[in-house]
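Written out below as structure tokens is the structure these notes cover.
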Amino acid sequence: KVQYPGVAQAVRADMQNLGMILRLMKQIAPGLDVKATAEEVRARIGEELDYELEAQNQRSLARIFRDHPFIVVPDVVTSLSREKVIVTHFVRGAGFDAIKEYDQATRDRVGEIVFRFFFGCMYRHRQFSGDPHPGNFLLQPDGSVAFLDFGLFKVMPAELIEIELECQRAGHEGDGERLHEIFSRTGFLREPDRFRPDKLLAQFLDATWWYVLDEEVHLSPEIATEVMIEMSDPRSSHFGQMRHETLPADHLFGRRVELLTLAVLSQLEARANWHRIAREWMYREAPVTELGREEAEFYAS
């Protein structure tokens, strides 16, 4: 991976327009913290231009997943890498377009691995790639999946991850009052008295139901579109409420990972009870899938 001359300067110039864009968004969503959001976006994009930092991110995940039964993060060849060049171990495998043509069982398996990697990195390891993209993983001949590109990366404090898991548990249990209390306490609601717990619960579930509700879900592009509209679009049935909420900057890239992972799984038309997989980190329960049991053995060792 090589950074060509002028790329960094061009991206940084584009970042100068970010403030103007976010001020326009503020008119649509008055609750948005423009300054904090701008700082978070600039920080993450700035880091993506720093190949030495990206190499460090990749080394960190390569250590975590070394000898994992089905996840591969290629090692960085440090002796050959420089400020604007990253060299990693070569991996070979089927790309996304090829995987989409495979049978349902293979797509389900790849989908579960993708879900486990991006959500698992976030909730188990508190560090994750912010770019779940179809071009960023390959299905290798032995059935493992190799993940690539760690420029857009986020490390989350343990207390923030616990807040997100608290919300997911409250959503699964249908507890709107607890969700309202969490949102109020953590700054998602600047004027808590304006919000009804049942309305907050309905909004939360419309954005997260595919992995919060305990049921098998066969994902599709239509489902991904519906969820994306409900999460962030003026066409959302919850938009009047969303206009007066805020999203703390530290949680911004977590929502990006959720949306993009859903988009990838939906293009694969993968099928699973995503909630039962997520319960491994949401409730710290034992796995119920074969991949989950293999992964549990890996972590236990």
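Quick note on naming: the chains in the structure tokens go A, B, ... in the order shown, residues restart at 1 in each chain, and ligands are numbered from 1 in order of appearance.
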
For Glu177 of chain A, list every protein, DNA or RNA residue within 12 Å, evaluated using only C-alpha atoms, and leave out those in the same chain fewer than 6 positions away; present the list as a JSON list (two decimals) with N, CA, C and O atoms, in the first residue's frame.
[["chain", "number", "residue", "atom", "x", "y", "z"],
["A", 167, "CYS", "N", -27.27, -0.34, 26.45],
["A", 167, "CYS", "CA", -28.38, 0.05, 25.56],
["A", 167, "CYS", "C", -28.92, -1.16, 24.82],
["A", 167, "CYS", "O", -30.14, -1.32, 24.68],
["A", 170, "ALA", "N", -30.98, -3.28, 27.15],
["A", 170, "ALA", "CA", -32.27, -2.63, 27.42],
["A", 170, "ALA", "C", -33.19, -2.77, 26.22],
["A", 170, "ALA", "O", -34.40, -3.01, 26.37],
["A", 171, "GLY", "N", -32.65, -2.61, 25.01],
["A", 171, "GLY", "CA", -33.46, -2.76, 23.80],
["A", 171, "GLY", "C", -34.00, -4.17, 23.65],
["A", 171, "GLY", "O", -35.18, -4.37, 23.38],
["A", 183, "PHE", "N", -29.68, 7.05, 28.10],
["A", 183, "PHE", "CA", -29.50, 8.15, 27.15],
["A", 183, "PHE", "C", -29.40, 9.49, 27.87],
["A", 183, "PHE", "O", -28.63, 10.36, 27.47],
["A", 184, "SER", "N", -30.18, 9.66, 28.92],
["A", 184, "SER", "CA", -30.15, 10.92, 29.68],
["A", 184, "SER", "C", -28.83, 11.07, 30.42],
["A", 184, "SER", "O", -28.21, 12.14, 30.41],
["A", 192, "PRO", "N", -33.93, 15.63, 28.36],
["A", 192, "PRO", "CA", -34.59, 14.33, 28.52],
["A", 192, "PRO", "C", -36.10, 14.39, 28.67],
["A", 192, "PRO", "O", -36.79, 13.46, 28.22],
["A", 195, "PHE", "N", -38.60, 13.59, 25.78],
["A", 195, "PHE", "CA", -38.62, 12.27, 25.13],
["A", 195, "PHE", "C", -39.42, 11.26, 25.94],
["A", 195, "PHE", "O", -39.27, 11.16, 27.16],
["A", 196, "ARG", "N", -40.27, 10.50, 25.24],
["A", 196, "ARG", "CA", -41.02, 9.41, 25.85],
["A", 196, "ARG", "C", -40.23, 8.12, 25.75],
["A", 196, "ARG", "O", -39.70, 7.79, 24.68],
["A", 197, "PRO", "N", -40.13, 7.36, 26.83],
["A", 197, "PRO", "CA", -39.37, 6.10, 26.78],
["A", 197, "PRO", "C", -39.84, 5.15, 25.69],
["A", 197, "PRO", "O", -39.00, 4.51, 25.03],
["A", 198, "ASP", "N", -41.16, 5.03, 25.49],
["A", 198, "ASP", "CA", -41.64, 4.09, 24.48],
["A", 198, "ASP", "C", -41.24, 4.52, 23.07],
["A", 198, "ASP", "O", -40.93, 3.69, 22.21],
["A", 199, "LYS", "N", -41.19, 5.84, 22.82],
["A", 199, "LYS", "CA", -40.77, 6.34, 21.52],
["A", 199, "LYS", "C", -39.27, 6.11, 21.30],
["A", 199, "LYS", "O", -38.84, 5.77, 20.20],
["A", 200, "LEU", "N", -38.49, 6.30, 22.36],
["A", 200, "LEU", "CA", -37.05, 6.04, 22.26],
["A", 200, "LEU", "C", -36.79, 4.57, 21.96],
["A", 200, "LEU", "O", -35.93, 4.23, 21.14],
["A", 201, "LEU", "N", -37.52, 3.70, 22.64],
["A", 201, "LEU", "CA", -37.35, 2.26, 22.44],
["A", 201, "LEU", "C", -37.70, 1.88, 21.00],
["A", 201, "LEU", "O", -36.97, 1.12, 20.36],
["A", 202, "ALA", "N", -38.79, 2.43, 20.48],
["A", 202, "ALA", "CA", -39.19, 2.13, 19.11],
["A", 202, "ALA", "C", -38.12, 2.58, 18.12],
["A", 202, "ALA", "O", -37.79, 1.86, 17.17]]

>> List as JSON, numbers by chain the protein and nucleic acid residues near Leu138 of chain A, meaning an atom at most 7 Å away when only C-alpha atoms are counted, but skip any in the same chain fewer than 3 places from it.
In response: {"A": [93, 94, 95, 145, 146, 147]}

Keeping N, CA, C and O atoms, export the residues of the selection given above as a short mmCIF file (atom, residue, chain, number, x, y, z; two decimals), in the first residue's frame.
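This is the output file part.cif:
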data_model
loop_
_atom_site.label_atom_id
_atom_site.label_comp_id
_atom_site.auth_asym_id
_atom_site.auth_seq_id
_atom_site.Cartn_x
_atom_site.Cartn_y
_atom_site.Cartn_z
N GLY A 93 -7.10 -14.92 -2.04
CA GLY A 93 -8.44 -15.44 -1.77
C GLY A 93 -9.48 -14.88 -2.71
O GLY A 93 -9.20 -14.03 -3.57
N ALA A 94 -10.72 -15.34 -2.52
CA ALA A 94 -11.84 -14.89 -3.35
C ALA A 94 -12.32 -13.53 -2.86
O ALA A 94 -12.47 -13.31 -1.65
N GLY A 95 -12.56 -12.62 -3.80
CA GLY A 95 -13.08 -11.30 -3.46
C GLY A 95 -14.59 -11.31 -3.28
O GLY A 95 -15.27 -12.34 -3.45
N VAL A 145 -11.01 -16.14 6.63
CA VAL A 145 -11.22 -14.85 5.98
C VAL A 145 -10.11 -13.90 6.44
O VAL A 145 -9.87 -13.73 7.63
N ALA A 146 -9.42 -13.31 5.45
CA ALA A 146 -8.35 -12.36 5.73
C ALA A 146 -8.91 -10.94 5.64
O ALA A 146 -9.61 -10.60 4.68
N PHE A 147 -8.60 -10.13 6.64
CA PHE A 147 -9.10 -8.75 6.71
C PHE A 147 -7.94 -7.78 6.45
O PHE A 147 -6.83 -7.98 6.94
#

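If you measure from each of A:Arg271, A:Arg243, A:His89, A:Arg169 to Val110 of chain A using only C-alpha atoms, the closest one turns out to be A:Arg271.
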
> as a VMD selection string, which residues of segment 135-292 of chain A does DSSP assign to alpha helix (DSSP H)?
Replying inline: chain A and resid 158 to 172 176 to 186 197 to 212 221 to 232 239 to 242 252 to 268 274 to 282 290 to 292

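Between atom CA of Gln104 of chain A and atom CA of Val217 of chain A there is a distance of 13.4 Å.
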
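Taking atom CA of His251 of chain A and atom CA of Glu269 of chain A as the two end points, the separation is 27.0 Å.
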
> Contacts of Gly187 of chain A at 9 Å or less, counting only C-alpha atoms, minus same-chain residues fewer than 4 places along, as a ChimeraX atom specification?
Replying inline: /A:182-183,245-248

Same residues, all heavy atoms, output as a compact mmCIF listing (two decimals), in the first residue's frame:
# COMPACT_ATOMS: atom_id res chain seq x y z
N ILE A 182 -30.39 5.68 30.47
CA ILE A 182 -29.02 5.60 29.94
C ILE A 182 -28.75 6.78 29.01
O ILE A 182 -27.71 7.44 29.11
CB ILE A 182 -28.79 4.27 29.19
CG1 ILE A 182 -28.94 3.08 30.15
CG2 ILE A 182 -27.41 4.26 28.53
CD1 ILE A 182 -29.04 1.75 29.43
N PHE A 183 -29.68 7.05 28.10
CA PHE A 183 -29.50 8.15 27.15
C PHE A 183 -29.40 9.49 27.87
O PHE A 183 -28.63 10.36 27.47
CB PHE A 183 -30.66 8.18 26.16
CG PHE A 183 -30.57 7.17 25.05
CD1 PHE A 183 -29.56 6.23 25.01
CD2 PHE A 183 -31.51 7.16 24.03
CE1 PHE A 183 -29.48 5.31 23.99
CE2 PHE A 183 -31.44 6.24 23.00
CZ PHE A 183 -30.42 5.31 22.97
N GLU A 245 -31.91 14.98 19.34
CA GLU A 245 -30.95 14.10 20.02
C GLU A 245 -29.54 14.49 19.57
O GLU A 245 -29.35 15.22 18.61
CB GLU A 245 -31.22 12.64 19.65
CG GLU A 245 -32.59 12.16 20.08
CD GLU A 245 -32.94 10.81 19.48
OE1 GLU A 245 -32.10 10.24 18.75
OE2 GLU A 245 -34.06 10.35 19.71
N THR A 246 -28.56 13.97 20.28
CA THR A 246 -27.17 14.16 19.86
C THR A 246 -26.47 12.81 19.88
O THR A 246 -26.91 11.89 20.57
CB THR A 246 -26.43 15.17 20.75
OG1 THR A 246 -25.15 15.44 20.17
CG2 THR A 246 -26.25 14.64 22.17
N LEU A 247 -25.41 12.71 19.11
CA LEU A 247 -24.60 11.50 19.11
C LEU A 247 -23.21 11.89 19.57
O LEU A 247 -22.46 12.54 18.83
CB LEU A 247 -24.52 10.89 17.70
CG LEU A 247 -23.70 9.61 17.56
CD1 LEU A 247 -24.32 8.50 18.39
CD2 LEU A 247 -23.59 9.19 16.10
N PRO A 248 -22.85 11.56 20.82
CA PRO A 248 -21.50 11.89 21.28
C PRO A 248 -20.45 11.41 20.29
O PRO A 248 -20.55 10.31 19.74
CB PRO A 248 -21.40 11.15 22.62
CG PRO A 248 -22.83 11.09 23.10
CD PRO A 248 -23.65 10.88 21.85

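Assigned to strand (DSSP E or B) in segment 133-246 of chain A, given DSSP computed from backbone atoms, are Phe137, Leu138, Leu139, Val145, Ala146, Phe147, Phe153, Lys154, Val155, Leu189, Val217, His218 and Glu245 of chain A.
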
> Quick one: of A:Ser301, A:Gln267, A:Thr261, A:Thr225, who's nearest to Val114 of chain A, counting only C-alpha atoms?
Replying inline: A:Thr261

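Proximity ranking of A:Val72, A:Ala263, A:Ala55, A:Leu152 relative to Ala224 of chain A places A:Ala263 first, based on only C-alpha atoms.
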
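Counting only C-alpha atoms and comparing A:Leu205, A:Val77, A:Val212, A:Ala270, the residue that lies closest to Gln56 of chain A is A:Val77.
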
>> So that I can see what lies close to segment 226-235 of chain A, please list as an NGL selection string the residues with an atom at most 7 Å from it, counting only C-alpha atoms and leaving out residues fewer than 5 positions away in the same chain.
In response: :A and (206-207 or 259)

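From atom CA of Leu213 of chain A back to atom CA of Val288 of chain A, the distance works out to 15.7 Å.
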
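Between Asn273 of chain A and the candidates A:Glu112, A:Asp67, A:Glu191, A:Asp175, the tightest atom-to-atom separation, counting only C-alpha atoms, involves A:Glu112.
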
>> Give me, as a ChimeraX atom specification, all polymer residues having an atom no more than 6 Å from segment 154-166 of chain A, counting only C-alpha atoms and skipping those fewer than 4 positions away in the same chain.
In response: /A:126-128,282
